[in-house]
>>> print(open('model_30.cif').read())   # mmCIF, N, CA and C atoms
data_final
loop_
_atom_site.label_atom_id
_atom_site.label_comp_id
_atom_site.auth_asym_id
_atom_site.auth_seq_id
_atom_site.Cartn_x
_atom_site.Cartn_y
_atom_site.Cartn_z
N MET A 696 134.56 -84.83 102.32
CA MET A 696 133.19 -85.02 101.92
C MET A 696 132.92 -86.52 101.98
N ALA A 697 131.94 -86.91 102.76
CA ALA A 697 131.63 -88.32 102.93
C ALA A 697 130.20 -88.60 102.48
N ASP A 698 130.04 -89.59 101.61
CA ASP A 698 128.69 -90.04 101.25
C ASP A 698 128.43 -91.44 101.77
N PHE A 699 129.35 -91.96 102.57
CA PHE A 699 129.22 -93.25 103.24
C PHE A 699 129.00 -94.40 102.26
N GLY A 700 129.50 -94.21 101.04
CA GLY A 700 129.41 -95.27 100.03
C GLY A 700 128.05 -95.43 99.41
N LEU A 701 127.12 -94.53 99.71
CA LEU A 701 125.76 -94.66 99.20
C LEU A 701 125.54 -93.93 97.88
N GLY A 702 126.42 -92.97 97.55
CA GLY A 702 126.24 -92.19 96.33
C GLY A 702 125.04 -91.27 96.41
N GLU A 703 124.65 -90.88 97.63
CA GLU A 703 123.48 -90.02 97.86
C GLU A 703 123.90 -88.85 98.74
N TYR A 704 124.97 -88.18 98.39
CA TYR A 704 125.56 -87.17 99.28
C TYR A 704 124.56 -86.10 99.72
N GLU A 705 123.70 -85.63 98.84
CA GLU A 705 122.79 -84.55 99.21
C GLU A 705 121.73 -85.00 100.22
N GLN A 706 121.50 -86.31 100.33
CA GLN A 706 120.54 -86.84 101.31
C GLN A 706 121.25 -87.41 102.53
N THR A 707 122.31 -88.19 102.31
CA THR A 707 123.05 -88.85 103.38
C THR A 707 124.52 -88.55 103.18
N GLY A 708 125.03 -87.65 103.99
CA GLY A 708 126.43 -87.27 103.82
C GLY A 708 126.87 -86.28 104.87
N LEU A 709 128.11 -85.85 104.73
CA LEU A 709 128.68 -84.96 105.73
C LEU A 709 129.96 -84.35 105.18
N GLY A 710 130.07 -83.05 105.32
CA GLY A 710 131.34 -82.38 105.07
C GLY A 710 132.09 -82.32 106.39
N LEU A 711 133.37 -82.59 106.37
CA LEU A 711 134.11 -82.80 107.62
C LEU A 711 135.53 -82.24 107.51
N LEU A 712 135.94 -81.50 108.53
CA LEU A 712 137.31 -81.02 108.64
C LEU A 712 137.81 -81.37 110.03
N VAL A 713 138.87 -82.17 110.11
CA VAL A 713 139.43 -82.58 111.40
C VAL A 713 140.61 -81.68 111.72
N TYR A 714 140.53 -80.98 112.87
CA TYR A 714 141.64 -80.13 113.31
C TYR A 714 142.69 -80.95 114.04
N VAL A 715 142.22 -81.80 114.96
CA VAL A 715 143.13 -82.59 115.76
C VAL A 715 142.42 -83.88 116.16
N ASN A 716 143.16 -84.98 116.19
CA ASN A 716 142.62 -86.25 116.67
C ASN A 716 143.79 -87.01 117.29
N THR A 717 143.88 -86.91 118.61
CA THR A 717 144.96 -87.57 119.33
C THR A 717 144.38 -88.68 120.20
N ALA A 718 145.22 -89.33 120.96
CA ALA A 718 144.76 -90.38 121.87
C ALA A 718 143.85 -89.83 122.96
N ARG A 719 143.85 -88.52 123.16
CA ARG A 719 143.05 -87.92 124.25
C ARG A 719 141.89 -87.07 123.78
N CYS A 720 141.99 -86.42 122.61
CA CYS A 720 140.92 -85.51 122.21
C CYS A 720 140.82 -85.40 120.69
N CYS A 721 139.69 -84.84 120.28
CA CYS A 721 139.44 -84.63 118.85
C CYS A 721 138.62 -83.36 118.69
N ALA A 722 138.90 -82.60 117.63
CA ALA A 722 138.11 -81.41 117.30
C ALA A 722 137.86 -81.42 115.80
N LYS A 723 136.58 -81.23 115.42
CA LYS A 723 136.17 -81.28 114.01
C LYS A 723 135.18 -80.17 113.72
N GLU A 724 135.08 -79.81 112.47
CA GLU A 724 134.00 -78.97 111.97
C GLU A 724 133.17 -79.85 111.04
N LEU A 725 131.85 -79.77 111.19
CA LEU A 725 130.93 -80.55 110.37
C LEU A 725 130.05 -79.60 109.58
N ALA A 726 129.75 -79.96 108.35
CA ALA A 726 128.86 -79.15 107.52
C ALA A 726 127.79 -80.07 106.93
N LEU A 727 126.54 -79.64 107.07
CA LEU A 727 125.40 -80.38 106.54
C LEU A 727 124.62 -79.49 105.58
N LEU A 728 124.20 -80.05 104.46
CA LEU A 728 123.33 -79.34 103.54
C LEU A 728 121.90 -79.37 104.09
N PRO A 729 121.01 -78.51 103.55
CA PRO A 729 119.61 -78.58 103.97
C PRO A 729 119.05 -79.99 103.74
N ARG A 730 118.36 -80.51 104.73
CA ARG A 730 117.73 -81.84 104.71
C ARG A 730 118.72 -83.00 104.64
N GLN A 731 120.00 -82.73 104.65
CA GLN A 731 121.01 -83.79 104.64
C GLN A 731 121.11 -84.41 106.03
N THR A 732 121.33 -85.71 106.11
CA THR A 732 121.50 -86.37 107.39
C THR A 732 122.85 -87.05 107.45
N CYS A 733 123.37 -87.12 108.65
CA CYS A 733 124.50 -87.99 108.94
C CYS A 733 123.85 -89.26 109.44
N PRO A 734 124.16 -90.42 108.87
CA PRO A 734 123.42 -91.63 109.21
C PRO A 734 123.55 -92.04 110.68
N GLU A 735 122.50 -92.66 111.17
CA GLU A 735 122.45 -93.12 112.56
C GLU A 735 123.59 -94.10 112.83
N HIS A 736 124.28 -93.86 113.95
CA HIS A 736 125.42 -94.70 114.30
C HIS A 736 125.69 -94.59 115.79
N ARG A 737 126.57 -95.45 116.27
CA ARG A 737 127.00 -95.36 117.66
C ARG A 737 128.50 -95.61 117.74
N HIS A 738 129.04 -95.21 118.88
CA HIS A 738 130.47 -95.35 119.15
C HIS A 738 130.62 -96.36 120.29
N PRO A 739 130.85 -97.61 119.96
CA PRO A 739 130.87 -98.66 120.98
C PRO A 739 132.15 -98.62 121.82
N PRO A 740 132.13 -99.33 122.96
CA PRO A 740 133.36 -99.45 123.74
C PRO A 740 134.46 -100.08 122.87
N VAL A 741 135.67 -99.58 123.03
CA VAL A 741 136.80 -100.07 122.24
C VAL A 741 137.63 -101.06 123.06
N SER A 742 137.73 -100.78 124.36
CA SER A 742 138.50 -101.63 125.26
C SER A 742 138.03 -101.35 126.69
N ALA A 743 138.61 -102.07 127.65
CA ALA A 743 138.26 -101.82 129.05
C ALA A 743 138.61 -100.39 129.45
N ALA A 744 139.64 -99.84 128.85
CA ALA A 744 140.08 -98.48 129.17
C ALA A 744 139.38 -97.41 128.32
N ASN A 745 138.69 -97.83 127.26
CA ASN A 745 138.05 -96.87 126.36
C ASN A 745 136.58 -97.23 126.19
N PRO A 746 135.68 -96.52 126.91
CA PRO A 746 134.26 -96.85 126.88
C PRO A 746 133.53 -96.39 125.62
N GLY A 747 134.23 -95.83 124.66
CA GLY A 747 133.61 -95.31 123.45
C GLY A 747 133.68 -93.80 123.42
N LYS A 748 133.52 -93.25 122.25
CA LYS A 748 133.66 -91.81 122.04
C LYS A 748 132.55 -91.03 122.73
N GLU A 749 132.92 -89.98 123.43
CA GLU A 749 131.98 -89.03 124.01
C GLU A 749 132.10 -87.74 123.21
N GLU A 750 130.96 -87.15 122.84
CA GLU A 750 130.97 -85.99 121.95
C GLU A 750 130.20 -84.83 122.55
N THR A 751 130.65 -83.64 122.21
CA THR A 751 129.89 -82.42 122.47
C THR A 751 129.81 -81.66 121.16
N PHE A 752 128.59 -81.27 120.78
CA PHE A 752 128.35 -80.53 119.55
C PHE A 752 127.94 -79.11 119.89
N ARG A 753 128.41 -78.17 119.09
CA ARG A 753 127.99 -76.78 119.21
C ARG A 753 127.67 -76.27 117.82
N CYS A 754 126.42 -75.90 117.62
CA CYS A 754 126.00 -75.39 116.32
C CYS A 754 126.54 -73.97 116.16
N ARG A 755 127.32 -73.74 115.12
CA ARG A 755 127.92 -72.42 114.89
C ARG A 755 127.05 -71.55 114.01
N TRP A 756 126.31 -72.20 113.09
CA TRP A 756 125.48 -71.43 112.17
C TRP A 756 124.40 -72.35 111.63
N GLY A 757 123.18 -71.84 111.51
CA GLY A 757 122.07 -72.63 111.01
C GLY A 757 121.38 -73.37 112.15
N THR A 758 120.57 -74.33 111.80
CA THR A 758 119.84 -75.12 112.78
C THR A 758 120.06 -76.59 112.51
N VAL A 759 120.48 -77.32 113.53
CA VAL A 759 120.71 -78.77 113.40
C VAL A 759 119.97 -79.44 114.54
N TYR A 760 119.39 -80.59 114.23
CA TYR A 760 118.72 -81.39 115.25
C TYR A 760 119.47 -82.70 115.39
N LEU A 761 119.67 -83.12 116.64
CA LEU A 761 120.29 -84.40 116.93
C LEU A 761 119.21 -85.33 117.44
N TYR A 762 119.32 -86.59 117.09
CA TYR A 762 118.34 -87.59 117.50
C TYR A 762 119.04 -88.63 118.35
N VAL A 763 118.56 -88.79 119.57
CA VAL A 763 119.18 -89.68 120.55
C VAL A 763 118.10 -90.56 121.17
N PRO A 764 118.51 -91.63 121.88
CA PRO A 764 117.51 -92.49 122.53
C PRO A 764 116.64 -91.68 123.50
N GLY A 765 115.38 -92.04 123.57
CA GLY A 765 114.43 -91.37 124.45
C GLY A 765 113.05 -91.40 123.81
N THR A 766 112.13 -90.69 124.39
CA THR A 766 110.76 -90.64 123.89
C THR A 766 110.74 -90.01 122.50
N ARG A 767 110.05 -90.64 121.59
CA ARG A 767 109.96 -90.15 120.21
C ARG A 767 109.31 -88.76 120.18
N THR A 768 109.93 -87.84 119.47
CA THR A 768 109.37 -86.51 119.29
C THR A 768 108.19 -86.61 118.34
N ALA A 769 107.07 -86.00 118.71
CA ALA A 769 105.83 -86.13 117.93
C ALA A 769 105.98 -85.65 116.49
N ARG A 770 106.61 -84.50 116.30
CA ARG A 770 106.78 -83.94 114.95
C ARG A 770 108.24 -83.56 114.74
N PRO A 771 109.08 -84.52 114.44
CA PRO A 771 110.51 -84.19 114.26
C PRO A 771 110.72 -83.29 113.05
N HIS A 772 111.72 -82.44 113.15
CA HIS A 772 112.03 -81.52 112.06
C HIS A 772 112.72 -82.21 110.89
N ALA A 773 113.54 -83.19 111.17
CA ALA A 773 114.26 -83.89 110.11
C ALA A 773 113.45 -85.09 109.66
N ARG A 774 113.77 -85.58 108.48
CA ARG A 774 113.16 -86.79 107.94
C ARG A 774 114.26 -87.73 107.50
N ALA A 775 113.98 -89.01 107.60
CA ALA A 775 114.93 -90.00 107.08
C ALA A 775 114.93 -89.89 105.55
N PRO A 776 116.07 -90.11 104.92
CA PRO A 776 116.10 -90.08 103.46
C PRO A 776 115.18 -91.15 102.88
N ARG A 777 114.51 -90.82 101.80
CA ARG A 777 113.60 -91.75 101.13
C ARG A 777 114.32 -93.05 100.79
N GLY A 778 113.70 -94.15 101.17
CA GLY A 778 114.27 -95.47 100.92
C GLY A 778 115.16 -95.98 102.04
N ARG A 779 115.47 -95.11 103.00
CA ARG A 779 116.34 -95.50 104.11
C ARG A 779 115.64 -95.37 105.45
N GLU A 780 114.34 -95.20 105.45
CA GLU A 780 113.57 -94.98 106.67
C GLU A 780 113.78 -96.07 107.72
N ALA A 781 113.95 -97.31 107.29
CA ALA A 781 114.10 -98.43 108.23
C ALA A 781 115.35 -98.30 109.09
N TRP A 782 116.34 -97.55 108.63
CA TRP A 782 117.62 -97.45 109.33
C TRP A 782 117.72 -96.23 110.22
N TYR A 783 116.64 -95.46 110.32
CA TYR A 783 116.58 -94.31 111.22
C TYR A 783 115.58 -94.68 112.32
N THR A 784 116.10 -95.12 113.45
CA THR A 784 115.26 -95.70 114.50
C THR A 784 115.17 -94.85 115.76
N VAL A 785 116.00 -93.84 115.88
CA VAL A 785 116.07 -93.02 117.09
C VAL A 785 115.47 -91.65 116.75
N TRP A 786 114.40 -91.25 117.45
CA TRP A 786 113.69 -90.03 117.08
C TRP A 786 113.41 -89.08 118.24
N HIS A 787 114.21 -89.14 119.30
CA HIS A 787 114.08 -88.15 120.37
C HIS A 787 114.92 -86.95 119.94
N GLU A 788 114.26 -85.85 119.64
CA GLU A 788 114.92 -84.70 119.02
C GLU A 788 115.47 -83.72 120.04
N SER A 789 116.70 -83.28 119.79
CA SER A 789 117.31 -82.20 120.56
C SER A 789 117.84 -81.18 119.56
N ARG A 790 117.49 -79.93 119.78
CA ARG A 790 118.00 -78.87 118.91
C ARG A 790 119.42 -78.56 119.32
N CYS A 791 120.30 -78.58 118.36
CA CYS A 791 121.71 -78.30 118.62
C CYS A 791 121.89 -76.79 118.62
N GLY A 792 121.84 -76.21 119.80
CA GLY A 792 122.00 -74.77 119.94
C GLY A 792 123.37 -74.46 120.49
N ARG A 793 123.40 -74.10 121.76
CA ARG A 793 124.68 -73.76 122.37
C ARG A 793 125.61 -74.96 122.44
N ALA A 794 125.18 -76.02 123.08
CA ALA A 794 126.01 -77.23 123.16
C ALA A 794 125.16 -78.41 123.58
N ILE A 795 125.45 -79.56 123.00
CA ILE A 795 124.78 -80.81 123.35
C ILE A 795 125.87 -81.84 123.58
N ASN A 796 125.79 -82.53 124.71
CA ASN A 796 126.75 -83.58 125.01
C ASN A 796 126.11 -84.94 124.74
N ILE A 797 126.82 -85.82 124.03
CA ILE A 797 126.36 -87.16 123.73
C ILE A 797 127.31 -88.13 124.44
N PRO A 798 126.83 -88.78 125.51
CA PRO A 798 127.70 -89.74 126.20
C PRO A 798 128.06 -90.92 125.30
N SER A 799 129.11 -91.63 125.65
CA SER A 799 129.47 -92.81 124.88
C SER A 799 128.33 -93.81 124.95
N HIS A 800 128.22 -94.67 124.00
CA HIS A 800 127.21 -95.72 123.85
C HIS A 800 125.90 -95.23 123.26
N GLN A 801 125.58 -93.93 123.32
CA GLN A 801 124.31 -93.49 122.75
C GLN A 801 124.39 -93.49 121.24
N THR A 802 123.26 -93.62 120.59
CA THR A 802 123.18 -93.68 119.14
C THR A 802 122.77 -92.32 118.60
N PRO A 803 123.72 -91.51 118.14
CA PRO A 803 123.32 -90.22 117.60
C PRO A 803 123.02 -90.33 116.11
N GLY A 804 122.06 -89.59 115.69
CA GLY A 804 121.79 -89.39 114.27
C GLY A 804 121.57 -87.90 114.14
N THR A 805 121.94 -87.31 113.04
CA THR A 805 121.75 -85.88 112.90
C THR A 805 120.87 -85.59 111.71
N GLY A 806 120.21 -84.48 111.74
CA GLY A 806 119.38 -84.06 110.62
C GLY A 806 119.36 -82.56 110.58
N SER A 807 119.01 -82.02 109.44
CA SER A 807 118.92 -80.57 109.34
C SER A 807 117.54 -80.18 108.85
N ARG A 808 117.15 -78.96 109.16
CA ARG A 808 115.86 -78.44 108.73
C ARG A 808 115.91 -78.08 107.25
N PRO A 809 114.74 -77.88 106.64
CA PRO A 809 114.72 -77.53 105.21
C PRO A 809 114.98 -76.06 104.95
N ASP A 810 115.96 -75.48 105.60
CA ASP A 810 116.33 -74.10 105.37
C ASP A 810 117.19 -74.02 104.11
N PRO A 811 117.30 -72.83 103.50
CA PRO A 811 118.01 -72.72 102.22
C PRO A 811 119.52 -72.65 102.31
N ALA A 812 120.09 -72.89 103.48
CA ALA A 812 121.55 -72.81 103.59
C ALA A 812 122.06 -73.97 104.44
N ALA A 813 123.34 -74.19 104.34
CA ALA A 813 123.98 -75.30 105.08
C ALA A 813 124.06 -74.98 106.56
N ARG A 814 124.39 -75.99 107.36
CA ARG A 814 124.59 -75.87 108.79
C ARG A 814 126.06 -76.14 109.09
N PHE A 815 126.57 -75.48 110.11
CA PHE A 815 127.95 -75.70 110.52
C PHE A 815 127.98 -75.99 112.01
N VAL A 816 128.65 -77.09 112.37
CA VAL A 816 128.68 -77.57 113.74
C VAL A 816 130.12 -77.88 114.13
N SER A 817 130.51 -77.45 115.33
CA SER A 817 131.81 -77.85 115.88
C SER A 817 131.59 -79.07 116.75
N GLU A 818 132.46 -80.04 116.61
CA GLU A 818 132.41 -81.24 117.45
C GLU A 818 133.70 -81.32 118.25
N PHE A 819 133.54 -81.53 119.55
CA PHE A 819 134.66 -81.75 120.45
C PHE A 819 134.41 -83.09 121.11
N SER A 820 135.42 -83.94 121.14
CA SER A 820 135.19 -85.30 121.65
C SER A 820 136.46 -85.91 122.20
N THR A 821 136.26 -87.08 122.77
CA THR A 821 137.40 -87.92 123.07
C THR A 821 137.91 -88.45 121.74
N GLN A 822 138.96 -89.23 121.75
CA GLN A 822 139.57 -89.72 120.51
C GLN A 822 138.53 -90.28 119.56
N SER A 823 138.65 -89.91 118.29
CA SER A 823 137.74 -90.39 117.26
C SER A 823 138.38 -91.61 116.58
N LEU A 824 137.70 -92.73 116.69
CA LEU A 824 138.12 -93.96 116.01
C LEU A 824 136.99 -94.32 115.05
N ASP A 825 136.88 -93.54 113.97
CA ASP A 825 135.76 -93.67 113.04
C ASP A 825 135.58 -95.09 112.51
N GLU A 826 136.68 -95.81 112.37
CA GLU A 826 136.59 -97.17 111.84
C GLU A 826 135.86 -98.11 112.79
N LYS A 827 135.67 -97.70 114.04
CA LYS A 827 134.97 -98.52 115.03
C LYS A 827 133.47 -98.21 115.10
N ASP A 828 133.03 -97.13 114.44
CA ASP A 828 131.61 -96.75 114.48
C ASP A 828 130.75 -97.88 113.93
N ILE A 829 129.57 -98.04 114.52
CA ILE A 829 128.61 -99.04 114.06
C ILE A 829 127.39 -98.30 113.54
N PHE A 830 127.08 -98.49 112.27
CA PHE A 830 125.95 -97.83 111.63
C PHE A 830 124.74 -98.75 111.61
N THR A 831 123.56 -98.16 111.77
CA THR A 831 122.31 -98.92 111.70
C THR A 831 122.09 -99.45 110.29
N ASP A 832 122.37 -98.65 109.28
CA ASP A 832 122.16 -99.02 107.88
C ASP A 832 123.29 -99.96 107.43
N PRO A 833 122.95 -101.20 107.04
CA PRO A 833 123.99 -102.15 106.65
C PRO A 833 124.68 -101.81 105.32
N GLU A 834 124.13 -100.88 104.55
CA GLU A 834 124.76 -100.50 103.28
C GLU A 834 125.84 -99.44 103.44
N ILE A 835 125.97 -98.88 104.63
CA ILE A 835 127.01 -97.86 104.87
C ILE A 835 128.38 -98.49 104.70
N GLN A 836 129.24 -97.81 103.95
CA GLN A 836 130.64 -98.21 103.78
C GLN A 836 131.48 -97.21 104.54
N ARG A 837 132.13 -97.66 105.57
CA ARG A 837 132.83 -96.76 106.46
C ARG A 837 134.16 -96.28 105.93
N PHE A 838 134.81 -97.07 105.12
CA PHE A 838 136.15 -96.69 104.68
C PHE A 838 136.10 -95.88 103.41
N THR A 839 136.86 -94.81 103.37
CA THR A 839 136.87 -93.87 102.27
C THR A 839 137.42 -94.49 101.00
N LYS A 840 136.71 -94.25 99.90
CA LYS A 840 137.18 -94.61 98.57
C LYS A 840 137.27 -93.33 97.77
N VAL A 841 138.45 -93.00 97.28
CA VAL A 841 138.63 -91.78 96.51
C VAL A 841 138.31 -92.07 95.06
N THR A 842 137.42 -91.24 94.49
CA THR A 842 137.06 -91.40 93.08
C THR A 842 137.43 -90.14 92.34
N ALA A 843 137.66 -90.29 91.05
CA ALA A 843 138.06 -89.12 90.23
C ALA A 843 136.88 -88.34 89.77
#
>>> encode(input="model_30.cif", output="structure tokens")
Amino acid sequence: MADFGLGEYEQTGLGLLVYVNTARCCAKELALLPRQTCPEHRHPPVSAANPGKEETFRCRWGTVYLYVPGTRTARPHARAPRGREAWYTVWHESRCGRAINIPSHQTPGTGSRPDPAARFVSEFSTQSLDEKDIFTDPEIQRFTKVTA
């Protein structure tokens, strides 16, 4: 369970289960509450041999929208959390149905509709180096702190 150091899990957070994360591939399950967002971020190049994480998402249950660079969607389904609107800058909406591929370097942000149940998404990607992610919101704390 990640709240990204904001203490606002129900608005900005993510439930996460990592199955495998090797030098070549990664597989995760993601869970989002209604109206919960995963904060806008990107996966930058790591080295000459590693151009950054490439991801494919498949929505298993519920409805999830991904926001990527492109023309702003006139009426997006998701909303930025109150007080954090300035850090949600990418508003080209794609519905996460069968599968969506996010090339490296793109800035994905996720959001969920105001339905009464959580969303479940499978993520398949190249190696996940979460510590290298760059978040738009400067208050995001990337490293996990365990609290009692």
>>> residues_near_point(input="model_30.cif", point="(124.3, -80.2, 114.5)", cutoff="6 Å", atoms="only C-alpha atoms", output="ChimeraX atom specification")
/A:754,759-760,791,816
>>> atom_distance(input="model_30.cif", atom1="CA of Ala744 in chain A", atom2="atom C of Thr821 in chain A")
12.7 Å
>>> closest_residue(input="model_30.cif", among="A:Leu761, A:Cys720, A:Ala726, A:Ala697", to="Leu824 in chain A", atoms="only C-alpha atoms")
A:Cys720
>>> resolve_selection(input="model_30.cif", expression="the PyMOL selection byres (((chain A and resi 706 and name CA) around 8) and name CA)", output="list in words")
Glu703, Tyr704, Glu705, Thr707, Gly708, Arg730, Gln731, Thr732 and Pro776 of chain A
>>> residues_near_point(input="model_30.cif", point="(129.7, -96.5, 116.2)", cutoff="5 Å", atoms="all atoms listed in the file", output="PyMOL selection string")
chain A and resi 736-739+827-829
>>> axis_aligned_box(input="model_30.cif", around="range 766-774 of chain A", padding_each_side="3 Å", output="lines of an AutoDock Vina configuration file")
center_x = 110.0
center_y = -86.1
center_z = 115.9
size_x = 14.4
size_y = 15.2
size_z = 22.9
>>> select_by_dssp(input="model_30.cif", residues="range 696-804 of chain A", states="strand (DSSP E)", output="number ranges by chain")
A: 710-716, 721-727, 736-737, 750-756, 759-763, 787-791, 795-797, 804
>>> closest_residue(input="model_30.cif", among="A:Ala812, A:Met696, A:Ala769, A:Val841", to="Gly757 in chain A", atoms="only N, CA and C atoms")
A:Ala812
>>> closest_residue(input="model_30.cif", among="A:Glu735, A:Leu727, A:Cys721, A:Ile797", to="Tyr783 in chain A", atoms="only N, CA and C atoms")
A:Glu735
>>> atom_distance(input="model_30.cif", atom1="CA of Thr758 in chain A", atom2="CA of Glu826 in chain A")
27.7 Å
>>> closest_residue(input="model_30.cif", among="A:Ile835, A:Val763, A:Leu709, A:Leu725", to="Asn796 in chain A", atoms="only C-alpha atoms")
A:Val763
>>> resolve_selection(input="model_30.cif", expression="the PyMOL selection byres (((chain A and resi 751 and name CA) around 8) and name CA)", output="compact mmCIF listing (two decimals) with N, CA and C atoms, keeping the file's coordinate frame")
# COMPACT_ATOMS: atom_id res chain seq x y z
N GLU A 749 132.92 -89.98 123.43
CA GLU A 749 131.98 -89.03 124.01
C GLU A 749 132.10 -87.74 123.21
N GLU A 750 130.96 -87.15 122.84
CA GLU A 750 130.97 -85.99 121.95
C GLU A 750 130.20 -84.83 122.55
N PHE A 752 128.59 -81.27 120.78
CA PHE A 752 128.35 -80.53 119.55
C PHE A 752 127.94 -79.11 119.89
N ARG A 753 128.41 -78.17 119.09
CA ARG A 753 127.99 -76.78 119.21
C ARG A 753 127.67 -76.27 117.82
N ALA A 794 125.18 -76.02 123.08
CA ALA A 794 126.01 -77.23 123.16
C ALA A 794 125.16 -78.41 123.58
N ILE A 795 125.45 -79.56 123.00
CA ILE A 795 124.78 -80.81 123.35
C ILE A 795 125.87 -81.84 123.58
N ASN A 796 125.79 -82.53 124.71
CA ASN A 796 126.75 -83.58 125.01
C ASN A 796 126.11 -84.94 124.74
N ILE A 797 126.82 -85.82 124.03
CA ILE A 797 126.36 -87.16 123.73
C ILE A 797 127.31 -88.13 124.44
N GLU A 818 132.46 -80.04 116.61
CA GLU A 818 132.41 -81.24 117.45
C GLU A 818 133.70 -81.32 118.25
N PHE A 819 133.54 -81.53 119.55
CA PHE A 819 134.66 -81.75 120.45
C PHE A 819 134.41 -83.09 121.11
N SER A 820 135.42 -83.94 121.14
CA SER A 820 135.19 -85.30 121.65
C SER A 820 136.46 -85.91 122.20
>>> residues_around(input="model_30.cif", residues="Asp832 in chain A", least_positions_apart="6", cutoff="8 Å", atoms="only C-alpha atoms", output="PyMOL selection string")
chain A and resi 734-735+779+782
>>> atom_distance(input="model_30.cif", atom1="CA of Val741 in chain A", atom2="atom N of Phe830 in chain A")
14.0 Å
>>> closest_residue(input="model_30.cif", among="A:Gly700, A:Gly710, A:Pro833, A:Pro729", to="Ala813 in chain A", atoms="only C-alpha atoms")
A:Pro729
>>> closest_residue(input="model_30.cif", among="A:Gln822, A:Ser789, A:Thr784, A:Thr802", to="Asn716 in chain A", atoms="all atoms listed in the file")
A:Gln822
>>> residues_around(input="model_30.cif", residues="Pro764 in chain A", least_positions_apart="4", cutoff="7 Å", atoms="all atoms listed in the file", output="NGL selection string")
:A and (785-787 or 801-803)
